[in-house]
Amino acid sequence: MTSTTTTETPTAQSRRDAQPPAARVVDLTKVYGKGETAVRALDGVSLDIRRGEFTAIMGPSGSGKSTMMHCAAGLDAVTSGQVLIGDVDITTLKDKALTALRRDRIGFVFQAFNLVPTLSAQENILLPMAIAGRRPDREWLDLVIDTVGLRDRLSHRPSELSGGQQQRVACARALVSRPEIVFADEPTGNLDSSSGAEVLSFLRRSVDEFGQTIVMVTHDPVAASHTDRVVFLADGRFVDEMRDPTAERILERMAELSAHHAVAPSHPSEG
């Protein structure tokens, strides 16, 4: 009898696992202040962010989650350790090179939208590329605009848009340059539940349909349940992760972390 070997088709998960990480932090430490007033916001965090995945960073207040994102995105200097975007250690870059890397390879979505009030929705979407002197890929731009559902609002200024529409403009702005990774800091924090769900749905689609890599800081278990993976921080350390999360499981884990980890005094920019 002749045996046959069946070759399995690689799953999307295994393909992602085989790729180098989109971002990596290695033994990352961030200390605010000096001497007796020093606060260790991050204490030796190491973490890989896989390509084509939606990752949430969560933890009790003061756990270091916002500090971690700001350091990983090159918005805040580290005290020690490495931060790699692709194969580039951004902790070694001078200001000009770091600014160029953030502009060309990273997208940002913030809780406060950060739109320019005098510009239309379309002008806000295209602003980073205009500053960089780059022309948008028209086909990609059209796809992003249609995906966020703003085709009929492009001429409107932010004051003429709802909060959810403004955040979708911000999401489109983050994606239009096709960044390697998007960092989203509490992107639904200023939105009602319906608008928040719209934004999360768009972020989820951008991962599933565009292969985008997204890292989101959130305190909301419902928002985090839209992701592929939740990373938990406590007292500035990486303590756990959860795949295929549900809001109920996240809520239970957060309650356990809050009960078992004493929260150190937090720095104003620490989350």
# chains A, B, ... in the order shown; residues from 1 in each chain; ligands from 1
$ residues_around --residues "Ala234 in chain A" --least-positions-apart "6" --cutoff "10 Å" --atoms "only C-alpha atoms" --output "number ranges by chain"
A: 41-43, 58-65, 240, 254, 257-258, 260-264
$ write_last_selection --atoms "N, CA, C and O atoms" --output "compact mmCIF listing (two decimals), in the first residue's frame"
# COMPACT_ATOMS: atom_id res chain seq x y z
N ALA A 41 7.76 53.87 35.03
CA ALA A 41 6.51 53.63 34.31
C ALA A 41 6.55 52.33 33.53
O ALA A 41 5.53 51.64 33.41
N LEU A 42 7.71 51.96 32.99
CA LEU A 42 7.90 50.68 32.31
C LEU A 42 9.13 50.01 32.91
O LEU A 42 10.16 50.66 33.10
N ASP A 43 9.01 48.72 33.17
CA ASP A 43 10.05 48.02 33.91
C ASP A 43 10.46 46.75 33.18
O ASP A 43 10.03 45.65 33.51
N MET A 58 -3.77 46.68 27.38
CA MET A 58 -4.66 47.00 28.48
C MET A 58 -3.93 46.86 29.81
O MET A 58 -2.87 46.23 29.90
N GLY A 59 -4.52 47.42 30.85
CA GLY A 59 -3.98 47.30 32.20
C GLY A 59 -4.66 48.28 33.11
O GLY A 59 -5.31 49.23 32.66
N PRO A 60 -4.54 48.09 34.41
CA PRO A 60 -5.11 49.03 35.36
C PRO A 60 -4.53 50.42 35.18
O PRO A 60 -3.47 50.59 34.56
N SER A 61 -5.19 51.43 35.72
CA SER A 61 -4.67 52.78 35.68
C SER A 61 -3.28 52.81 36.29
O SER A 61 -3.03 52.22 37.34
N GLY A 62 -2.34 53.47 35.59
CA GLY A 62 -0.97 53.50 36.08
C GLY A 62 -0.13 52.31 35.69
O GLY A 62 1.00 52.17 36.14
N SER A 63 -0.66 51.43 34.84
CA SER A 63 0.08 50.21 34.47
C SER A 63 1.19 50.48 33.47
O SER A 63 2.07 49.65 33.29
N GLY A 64 1.14 51.63 32.79
CA GLY A 64 2.16 51.96 31.80
C GLY A 64 1.74 51.75 30.37
O GLY A 64 2.55 51.86 29.45
N LYS A 65 0.45 51.49 30.12
CA LYS A 65 0.04 51.13 28.76
C LYS A 65 0.20 52.30 27.78
O LYS A 65 0.64 52.10 26.65
N ASP A 240 0.56 39.25 31.00
CA ASP A 240 -0.30 38.22 30.42
C ASP A 240 -0.71 38.64 29.01
O ASP A 240 -0.56 39.81 28.62
N MET A 254 -9.01 41.72 33.88
CA MET A 254 -8.72 43.06 34.38
C MET A 254 -9.05 43.16 35.87
O MET A 254 -8.32 43.79 36.64
N LEU A 257 -6.24 41.52 37.74
CA LEU A 257 -5.04 42.35 37.77
C LEU A 257 -5.18 43.51 38.75
O LEU A 257 -4.25 43.82 39.49
N SER A 258 -6.33 44.14 38.74
CA SER A 258 -6.56 45.27 39.64
C SER A 258 -6.50 44.81 41.10
O SER A 258 -6.04 45.56 41.98
N HIS A 260 -4.74 42.18 42.28
CA HIS A 260 -3.48 41.56 42.69
C HIS A 260 -2.26 42.43 42.51
O HIS A 260 -1.18 42.08 42.97
N HIS A 261 -2.39 43.55 41.81
CA HIS A 261 -1.22 44.39 41.57
C HIS A 261 -1.43 45.76 42.19
O HIS A 261 -2.35 46.49 41.82
N ALA A 262 -0.57 46.09 43.12
CA ALA A 262 -0.61 47.43 43.70
C ALA A 262 -0.21 48.43 42.63
O ALA A 262 0.75 48.20 41.89
N VAL A 263 -0.93 49.54 42.52
CA VAL A 263 -0.65 50.53 41.48
C VAL A 263 0.28 51.58 42.04
O VAL A 263 0.00 52.22 43.05
N ALA A 264 1.43 51.76 41.38
CA ALA A 264 2.40 52.77 41.79
C ALA A 264 1.88 54.16 41.43
O ALA A 264 1.03 54.30 40.54
$ residues_around --residues "Val217 in chain A" --least-positions-apart "5" --cutoff "6 Å" --atoms "only C-alpha atoms" --output "PyMOL selection string"
chain A and resi 56-57+185-186
$ write_last_selection --atoms "C-alpha atoms" --output "mmCIF file, in the first residue's frame"
data_model
loop_
_atom_site.group_PDB
_atom_site.id
_atom_site.type_symbol
_atom_site.label_atom_id
_atom_site.label_comp_id
_atom_site.auth_asym_id
_atom_site.auth_seq_id
_atom_site.Cartn_x
_atom_site.Cartn_y
_atom_site.Cartn_z
ATOM 1 C CA ALA A 56 -4.880 45.792 22.273
ATOM 2 C CA ILE A 57 -2.768 46.967 25.199
ATOM 3 C CA ASP A 185 -4.544 55.684 21.652
ATOM 4 C CA GLU A 186 -8.058 55.259 23.136
#
$ select_by_dssp --residues "range 89-224 of chain A" --states "helix (DSSP H, G or I)" --output "PyMOL selection string"
chain A and resi 90-92+95-105+121-132+138-148+151-153+158-160+163-175+193-210+221-224
$ closest_residue --among "A:Leu154, A:Ala247, A:Leu175, A:Leu98" --to "Pro136 in chain A" --atoms "only C-alpha atoms"
A:Leu175
$ atom_distance --atom1 "CA of Leu119 in chain A" --atom2 "CA of Ser159 in chain A"
10.1 Å
$ residues_around --residues "Ser46 in chain A" --least-positions-apart "3" --cutoff "6 Å" --atoms "only C-alpha atoms" --output "MDAnalysis selection string"
chainID A and resid 25:27
$ write_last_selection --atoms "C-alpha atoms" --output "compact mmCIF listing (two decimals), in the first residue's frame"
# COMPACT_ATOMS: atom_id res chain seq x y z
CA VAL A 25 10.21 46.23 22.17
CA VAL A 26 13.12 44.63 24.02
CA ASP A 27 13.70 45.11 27.77
$ closest_residue --among "A:Leu126, A:Ala121, A:Val169, A:Leu47" --to "Val148 in chain A" --atoms "only C-alpha atoms"
A:Val169
$ residues_around --residues "range 198-209 of chain A" --least-positions-apart "6" --cutoff "12 Å" --atoms "only C-alpha atoms" --output "JSON list (two decimals) with N, CA and C atoms, in the first residue's frame"
[["chain", "number", "residue", "atom", "x", "y", "z"],
["A", 12, "ALA", "N", -3.78, 31.71, 7.86],
["A", 12, "ALA", "CA", -3.36, 33.11, 7.97],
["A", 12, "ALA", "C", -2.50, 33.30, 9.22],
["A", 13, "GLN", "N", -2.88, 32.59, 10.31],
["A", 13, "GLN", "CA", -2.12, 32.71, 11.56],
["A", 13, "GLN", "C", -0.69, 32.23, 11.38],
["A", 50, "ARG", "N", 2.91, 41.32, 15.95],
["A", 50, "ARG", "CA", 2.90, 40.59, 14.68],
["A", 50, "ARG", "C", 2.26, 41.40, 13.57],
["A", 51, "ARG", "N", 2.74, 41.19, 12.37],
["A", 51, "ARG", "CA", 2.19, 41.86, 11.20],
["A", 51, "ARG", "C", 0.78, 41.35, 10.91],
["A", 52, "GLY", "N", -0.06, 42.27, 10.44],
["A", 52, "GLY", "CA", -1.40, 41.88, 10.03],
["A", 52, "GLY", "C", -2.30, 41.49, 11.18],
["A", 53, "GLU", "N", -1.97, 41.96, 12.39],
["A", 53, "GLU", "CA", -2.80, 41.66, 13.55],
["A", 53, "GLU", "C", -3.28, 42.95, 14.21],
["A", 54, "PHE", "N", -4.37, 42.82, 14.93],
["A", 54, "PHE", "CA", -4.96, 43.90, 15.72],
["A", 54, "PHE", "C", -4.67, 43.54, 17.18],
["A", 55, "THR", "N", -3.84, 44.35, 17.83],
["A", 55, "THR", "CA", -3.41, 44.10, 19.20],
["A", 55, "THR", "C", -3.92, 45.20, 20.12],
["A", 56, "ALA", "N", -4.48, 44.83, 21.25],
["A", 56, "ALA", "CA", -4.88, 45.79, 22.27],
["A", 56, "ALA", "C", -3.90, 45.72, 23.43],
["A", 109, "VAL", "N", -3.70, 57.37, 15.47],
["A", 109, "VAL", "CA", -5.09, 57.77, 15.73],
["A", 109, "VAL", "C", -5.16, 58.08, 17.22],
["A", 111, "GLN", "N", -7.27, 59.87, 20.74],
["A", 111, "GLN", "CA", -8.59, 60.04, 21.33],
["A", 111, "GLN", "C", -9.23, 61.37, 20.94],
["A", 113, "PHE", "N", -8.91, 63.10, 18.20],
["A", 113, "PHE", "CA", -9.06, 63.24, 16.74],
["A", 113, "PHE", "C", -7.89, 64.00, 16.10],
["A", 143, "LEU", "N", -10.40, 53.69, -1.99],
["A", 143, "LEU", "CA", -10.78, 52.51, -1.22],
["A", 143, "LEU", "C", -10.91, 52.85, 0.27],
["A", 144, "VAL", "N", -9.95, 53.61, 0.79],
["A", 144, "VAL", "CA", -9.99, 53.99, 2.21],
["A", 144, "VAL", "C", -11.21, 54.86, 2.49],
["A", 145, "ILE", "N", -11.47, 55.85, 1.63],
["A", 145, "ILE", "CA", -12.60, 56.76, 1.82],
["A", 145, "ILE", "C", -13.92, 55.99, 1.79],
["A", 146, "ASP", "N", -14.04, 55.06, 0.84],
["A", 146, "ASP", "CA", -15.28, 54.29, 0.76],
["A", 146, "ASP", "C", -15.42, 53.33, 1.95],
["A", 147, "THR", "N", -14.31, 52.82, 2.43],
["A", 147, "THR", "CA", -14.36, 51.90, 3.56],
["A", 147, "THR", "C", -14.80, 52.62, 4.83],
["A", 148, "VAL", "N", -14.36, 53.85, 5.03],
["A", 148, "VAL", "CA", -14.79, 54.61, 6.22],
["A", 148, "VAL", "C", -16.15, 55.27, 6.02],
["A", 149, "GLY", "N", -16.69, 55.20, 4.79],
["A", 149, "GLY", "CA", -18.03, 55.69, 4.53],
["A", 149, "GLY", "C", -18.17, 57.20, 4.57],
["A", 150, "LEU", "N", -17.17, 57.90, 4.05],
["A", 150, "LEU", "CA", -17.17, 59.37, 4.13],
["A", 150, "LEU", "C", -17.23, 60.05, 2.76],
["A", 163, "GLY", "N", -18.81, 63.25, 16.04],
["A", 163, "GLY", "CA", -17.58, 62.72, 16.63],
["A", 163, "GLY", "C", -17.11, 61.45, 15.94],
["A", 164, "GLY", "N", -18.05, 60.56, 15.65],
["A", 164, "GLY", "CA", -17.68, 59.32, 14.97],
["A", 164, "GLY", "C", -17.13, 59.57, 13.58],
["A", 165, "GLN", "N", -17.72, 60.53, 12.85],
["A", 165, "GLN", "CA", -17.21, 60.87, 11.52],
["A", 165, "GLN", "C", -15.82, 61.49, 11.61],
["A", 166, "GLN", "N", -15.60, 62.34, 12.62],
["A", 166, "GLN", "CA", -14.28, 62.94, 12.78],
["A", 166, "GLN", "C", -13.22, 61.86, 13.05],
["A", 167, "GLN", "N", -13.57, 60.88, 13.88],
["A", 167, "GLN", "CA", -12.59, 59.84, 14.17],
["A", 167, "GLN", "C", -12.36, 58.94, 12.96],
["A", 168, "ARG", "N", -13.38, 58.76, 12.14],
["A", 168, "ARG", "CA", -13.17, 58.00, 10.90],
["A", 168, "ARG", "C", -12.27, 58.77, 9.93],
["A", 169, "VAL", "N", -12.38, 60.10, 9.91],
["A", 169, "VAL", "CA", -11.44, 60.92, 9.13],
["A", 169, "VAL", "C", -10.02, 60.68, 9.64],
["A", 170, "ALA", "N", -9.87, 60.67, 10.97],
["A", 170, "ALA", "CA", -8.55, 60.45, 11.56],
["A", 170, "ALA", "C", -8.01, 59.06, 11.21],
["A", 171, "CYS", "N", -8.89, 58.05, 11.20],
["A", 171, "CYS", "CA", -8.48, 56.71, 10.81],
["A", 171, "CYS", "C", -8.04, 56.66, 9.35],
["A", 172, "ALA", "N", -8.81, 57.32, 8.49],
["A", 172, "ALA", "CA", -8.44, 57.37, 7.07],
["A", 172, "ALA", "C", -7.10, 58.07, 6.88],
["A", 174, "ALA", "N", -4.68, 58.14, 8.99],
["A", 174, "ALA", "CA", -3.63, 57.23, 9.44],
["A", 174, "ALA", "C", -3.29, 56.16, 8.41],
["A", 175, "LEU", "N", -4.28, 55.77, 7.60],
["A", 175, "LEU", "CA", -4.08, 54.66, 6.67],
["A", 175, "LEU", "C", -3.68, 55.07, 5.26],
["A", 176, "VAL", "N", -3.89, 56.34, 4.90],
["A", 176, "VAL", "CA", -3.78, 56.72, 3.50],
["A", 176, "VAL", "C", -2.34, 56.60, 2.97],
["A", 178, "ARG", "N", -0.39, 54.20, 3.76],
["A", 178, "ARG", "CA", -0.06, 52.77, 3.86],
["A", 178, "ARG", "C", 1.08, 52.52, 4.84],
["A", 179, "PRO", "N", 0.91, 52.89, 6.09],
["A", 179, "PRO", "CA", 1.99, 52.71, 7.07],
["A", 179, "PRO", "C", 2.20, 51.24, 7.40],
["A", 180, "GLU", "N", 3.37, 50.94, 7.92],
["A", 180, "GLU", "CA", 3.65, 49.57, 8.34],
["A", 180, "GLU", "C", 2.84, 49.21, 9.59],
["A", 181, "ILE", "N", 2.58, 50.22, 10.43],
["A", 181, "ILE", "CA", 1.88, 49.97, 11.68],
["A", 181, "ILE", "C", 1.10, 51.22, 12.07],
["A", 182, "VAL", "N", -0.08, 51.03, 12.65],
["A", 182, "VAL", "CA", -0.89, 52.13, 13.16],
["A", 182, "VAL", "C", -1.02, 52.00, 14.67],
["A", 183, "PHE", "N", -0.72, 53.08, 15.37],
["A", 183, "PHE", "CA", -0.91, 53.14, 16.82],
["A", 183, "PHE", "C", -2.15, 53.97, 17.11],
["A", 184, "ALA", "N", -3.08, 53.41, 17.87],
["A", 184, "ALA", "CA", -4.33, 54.08, 18.19],
["A", 184, "ALA", "C", -4.45, 54.20, 19.71],
["A", 186, "GLU", "N", -6.67, 55.07, 22.70],
["A", 186, "GLU", "CA", -8.06, 55.26, 23.14],
["A", 186, "GLU", "C", -8.91, 55.86, 22.01],
["A", 187, "PRO", "N", -8.93, 55.25, 20.81],
["A", 187, "PRO", "CA", -9.60, 55.87, 19.67],
["A", 187, "PRO", "C", -11.11, 56.03, 19.82],
["A", 188, "THR", "N", -11.71, 55.27, 20.75],
["A", 188, "THR", "CA", -13.16, 55.39, 20.97],
["A", 188, "THR", "C", -13.48, 56.11, 22.28],
["A", 189, "GLY", "N", -12.46, 56.66, 22.94],
["A", 189, "GLY", "CA", -12.64, 57.24, 24.26],
["A", 189, "GLY", "C", -13.59, 58.42, 24.31],
["A", 190, "ASN", "N", -13.69, 59.19, 23.20],
["A", 190, "ASN", "CA", -14.57, 60.37, 23.17],
["A", 190, "ASN", "C", -15.87, 60.12, 22.41],
["A", 191, "LEU", "N", -16.17, 58.85, 22.12],
["A", 191, "LEU", "CA", -17.30, 58.54, 21.27],
["A", 191, "LEU", "C", -18.40, 57.81, 22.04],
["A", 192, "ASP", "N", -19.64, 57.98, 21.57],
["A", 192, "ASP", "CA", -20.72, 57.17, 22.13],
["A", 192, "ASP", "C", -20.58, 55.74, 21.60],
["A", 215, "VAL", "N", -2.04, 48.62, 16.69],
["A", 215, "VAL", "CA", -1.86, 48.50, 18.13],
["A", 215, "VAL", "C", -2.75, 49.55, 18.78],
["A", 216, "MET", "N", -3.63, 49.14, 19.66],
["A", 216, "MET", "CA", -4.60, 50.04, 20.29],
["A", 216, "MET", "C", -4.49, 49.98, 21.80],
["A", 218, "THR", "N", -6.43, 50.77, 25.11],
["A", 218, "THR", "CA", -7.83, 50.99, 25.50],
["A", 218, "THR", "C", -8.04, 50.50, 26.92],
["A", 220, "ASP", "N", -11.33, 49.78, 27.56],
["A", 220, "ASP", "CA", -12.68, 49.28, 27.33],
["A", 220, "ASP", "C", -12.65, 47.82, 26.87],
["A", 222, "VAL", "N", -15.00, 45.98, 25.73],
["A", 222, "VAL", "CA", -15.76, 45.79, 24.49],
["A", 222, "VAL", "C", -14.91, 46.19, 23.29],
["A", 223, "ALA", "N", -14.19, 47.31, 23.38],
["A", 223, "ALA", "CA", -13.31, 47.71, 22.29],
["A", 223, "ALA", "C", -12.22, 46.66, 22.07],
["A", 224, "ALA", "N", -11.62, 46.19, 23.16],
["A", 224, "ALA", "CA", -10.53, 45.21, 23.06],
["A", 224, "ALA", "C", -11.01, 43.88, 22.48],
["A", 225, "SER", "N", -12.29, 43.58, 22.63],
["A", 225, "SER", "CA", -12.81, 42.31, 22.11],
["A", 225, "SER", "C", -12.84, 42.27, 20.59],
["A", 226, "HIS", "N", -12.64, 43.41, 19.93],
["A", 226, "HIS", "CA", -12.55, 43.44, 18.47],
["A", 226, "HIS", "C", -11.18, 43.01, 17.95],
["A", 227, "THR", "N", -10.22, 42.85, 18.86],
["A", 227, "THR", "CA", -8.85, 42.60, 18.44],
["A", 227, "THR", "C", -8.54, 41.10, 18.36],
["A", 228, "ASP", "N", -7.35, 40.79, 17.82],
["A", 228, "ASP", "CA", -6.88, 39.40, 17.76],
["A", 228, "ASP", "C", -6.20, 38.98, 19.06]]
$ atom_distance --atom1 "CA of Asp48 in chain A" --atom2 "CA of Ala112 in chain A"
27.2 Å
$ select_by_dssp --residues "range 62-203 of chain A" --states "strand (DSSP E or B)" --output "list in words"
Ser80, Gly81, Gln82, Val83, Leu84, Ile85, Val88, Asp89, Ile106, Gly107, Phe108, Val109, Phe110, Ile181, Val182, Phe183, Ala184 and Asp185 of chain A
$ write_last_selection --atoms "N, CA and C atoms" --output "PDB file, in the first residue's frame"
ATOM      1  N   SER A  80      15.891  53.023  28.754  1.00  0.00           N
ATOM      2  CA  SER A  80      16.791  51.968  28.281  1.00  0.00           C
ATOM      3  C   SER A  80      15.969  50.942  27.518  1.00  0.00           C
ATOM      4  N   GLY A  81      16.675  50.084  26.777  1.00  0.00           N
ATOM      5  CA  GLY A  81      16.008  49.079  25.967  1.00  0.00           C
ATOM      6  C   GLY A  81      15.940  49.481  24.509  1.00  0.00           C
ATOM      7  N   GLN A  82      15.311  48.645  23.711  1.00  0.00           N
ATOM      8  CA  GLN A  82      15.209  48.856  22.271  1.00  0.00           C
ATOM      9  C   GLN A  82      13.756  48.894  21.826  1.00  0.00           C
ATOM     10  N   VAL A  83      13.512  49.693  20.778  1.00  0.00           N
ATOM     11  CA  VAL A  83      12.229  49.691  20.084  1.00  0.00           C
ATOM     12  C   VAL A  83      12.532  49.558  18.601  1.00  0.00           C
ATOM     13  N   LEU A  84      12.030  48.509  17.973  1.00  0.00           N
ATOM     14  CA  LEU A  84      12.263  48.302  16.549  1.00  0.00           C
ATOM     15  C   LEU A  84      10.954  48.418  15.784  1.00  0.00           C
ATOM     16  N   ILE A  85      10.981  49.213  14.728  1.00  0.00           N
ATOM     17  CA  ILE A  85       9.912  49.242  13.738  1.00  0.00           C
ATOM     18  C   ILE A  85      10.473  48.544  12.510  1.00  0.00           C
ATOM     19  N   VAL A  88      14.450  48.494  12.080  1.00  0.00           N
ATOM     20  CA  VAL A  88      15.110  49.741  12.478  1.00  0.00           C
ATOM     21  C   VAL A  88      14.927  49.979  13.969  1.00  0.00           C
ATOM     22  N   ASP A  89      16.036  50.098  14.691  1.00  0.00           N
ATOM     23  CA  ASP A  89      15.994  50.434  16.114  1.00  0.00           C
ATOM     24  C   ASP A  89      15.821  51.944  16.222  1.00  0.00           C
ATOM     25  N   ILE A 106       4.620  55.017  10.075  1.00  0.00           N
ATOM     26  CA  ILE A 106       3.721  54.850  11.210  1.00  0.00           C
ATOM     27  C   ILE A 106       2.484  55.720  11.019  1.00  0.00           C
ATOM     28  N   GLY A 107       1.314  55.175  11.353  1.00  0.00           N
ATOM     29  CA  GLY A 107       0.081  55.952  11.380  1.00  0.00           C
ATOM     30  C   GLY A 107      -0.366  56.140  12.816  1.00  0.00           C
ATOM     31  N   PHE A 108      -1.075  57.239  13.080  1.00  0.00           N
ATOM     32  CA  PHE A 108      -1.515  57.538  14.436  1.00  0.00           C
ATOM     33  C   PHE A 108      -3.000  57.884  14.451  1.00  0.00           C
ATOM     34  N   VAL A 109      -3.697  57.374  15.468  1.00  0.00           N
ATOM     35  CA  VAL A 109      -5.086  57.766  15.733  1.00  0.00           C
ATOM     36  C   VAL A 109      -5.157  58.084  17.225  1.00  0.00           C
ATOM     37  N   PHE A 110      -5.647  59.291  17.558  1.00  0.00           N
ATOM     38  CA  PHE A 110      -5.678  59.726  18.945  1.00  0.00           C
ATOM     39  C   PHE A 110      -7.114  59.893  19.428  1.00  0.00           C
ATOM     40  N   ILE A 181       2.577  50.216  10.429  1.00  0.00           N
ATOM     41  CA  ILE A 181       1.876  49.973  11.680  1.00  0.00           C
ATOM     42  C   ILE A 181       1.097  51.225  12.071  1.00  0.00           C
ATOM     43  N   VAL A 182      -0.077  51.027  12.654  1.00  0.00           N
ATOM     44  CA  VAL A 182      -0.895  52.131  13.159  1.00  0.00           C
ATOM     45  C   VAL A 182      -1.015  51.999  14.668  1.00  0.00           C
ATOM     46  N   PHE A 183      -0.721  53.082  15.371  1.00  0.00           N
ATOM     47  CA  PHE A 183      -0.914  53.140  16.822  1.00  0.00           C
ATOM     48  C   PHE A 183      -2.151  53.972  17.109  1.00  0.00           C
ATOM     49  N   ALA A 184      -3.077  53.408  17.872  1.00  0.00           N
ATOM     50  CA  ALA A 184      -4.335  54.084  18.193  1.00  0.00           C
ATOM     51  C   ALA A 184      -4.452  54.198  19.713  1.00  0.00           C
ATOM     52  N   ASP A 185      -4.509  55.435  20.214  1.00  0.00           N
ATOM     53  CA  ASP A 185      -4.544  55.684  21.652  1.00  0.00           C
ATOM     54  C   ASP A 185      -5.964  56.032  22.075  1.00  0.00           C
TER      55      ASP A 185
END
$ atom_distance --atom1 "CA of Thr37 in chain A" --atom2 "CA of Ala77 in chain A"
18.9 Å
$ residues_around --residues "Arg157 in chain A" --least-positions-apart "3" --cutoff "8 Å" --atoms "only C-alpha atoms" --output "VMD selection string"
chain A and resid 117 to 121 160 to 161
$ write_last_selection --atoms "all heavy atoms" --output "compact mmCIF listing (two decimals), in the first residue's frame"
# COMPACT_ATOMS: atom_id res chain seq x y z
N PRO A 117 -9.09 72.27 12.17
CA PRO A 117 -10.48 72.73 12.03
C PRO A 117 -10.76 73.51 10.77
O PRO A 117 -11.90 73.56 10.31
CB PRO A 117 -10.70 73.60 13.28
CG PRO A 117 -9.34 73.97 13.75
CD PRO A 117 -8.43 72.83 13.37
N THR A 118 -9.74 74.14 10.18
CA THR A 118 -9.96 74.96 8.98
C THR A 118 -9.88 74.16 7.69
O THR A 118 -10.13 74.71 6.61
CB THR A 118 -8.94 76.10 8.93
OG1 THR A 118 -7.62 75.55 8.97
CG2 THR A 118 -9.13 77.06 10.10
N LEU A 119 -9.55 72.88 7.78
CA LEU A 119 -9.43 72.05 6.59
C LEU A 119 -10.63 71.14 6.44
O LEU A 119 -11.26 70.76 7.43
CB LEU A 119 -8.16 71.19 6.65
CG LEU A 119 -6.81 71.92 6.74
CD1 LEU A 119 -5.67 70.91 6.76
CD2 LEU A 119 -6.64 72.89 5.58
N SER A 120 -10.95 70.79 5.20
CA SER A 120 -12.03 69.85 4.95
C SER A 120 -11.61 68.45 5.36
O SER A 120 -10.43 68.18 5.65
CB SER A 120 -12.39 69.84 3.46
OG SER A 120 -11.31 69.27 2.70
N ALA A 121 -12.58 67.53 5.38
CA ALA A 121 -12.27 66.13 5.71
C ALA A 121 -11.21 65.57 4.77
O ALA A 121 -10.24 64.94 5.21
CB ALA A 121 -13.55 65.29 5.64
N GLU A 160 -18.49 70.34 11.18
CA GLU A 160 -19.73 69.92 10.51
C GLU A 160 -19.90 68.40 10.54
O GLU A 160 -20.83 67.88 9.93
CB GLU A 160 -19.71 70.42 9.06
CG GLU A 160 -19.62 71.92 8.94
CD GLU A 160 -19.38 72.39 7.51
OE1 GLU A 160 -18.40 71.91 6.88
OE2 GLU A 160 -20.17 73.21 7.02
N LEU A 161 -19.01 67.71 11.25
CA LEU A 161 -19.05 66.25 11.31
C LEU A 161 -19.35 65.81 12.74
O LEU A 161 -18.99 66.50 13.70
CB LEU A 161 -17.70 65.66 10.88
CG LEU A 161 -17.21 66.00 9.47
CD1 LEU A 161 -15.80 65.48 9.27
CD2 LEU A 161 -18.14 65.44 8.41
$ closest_residue --among "A:Val230, A:Val39, A:Cys71, A:Ala255" --to "Ala23 in chain A" --atoms "only C-alpha atoms"
A:Cys71
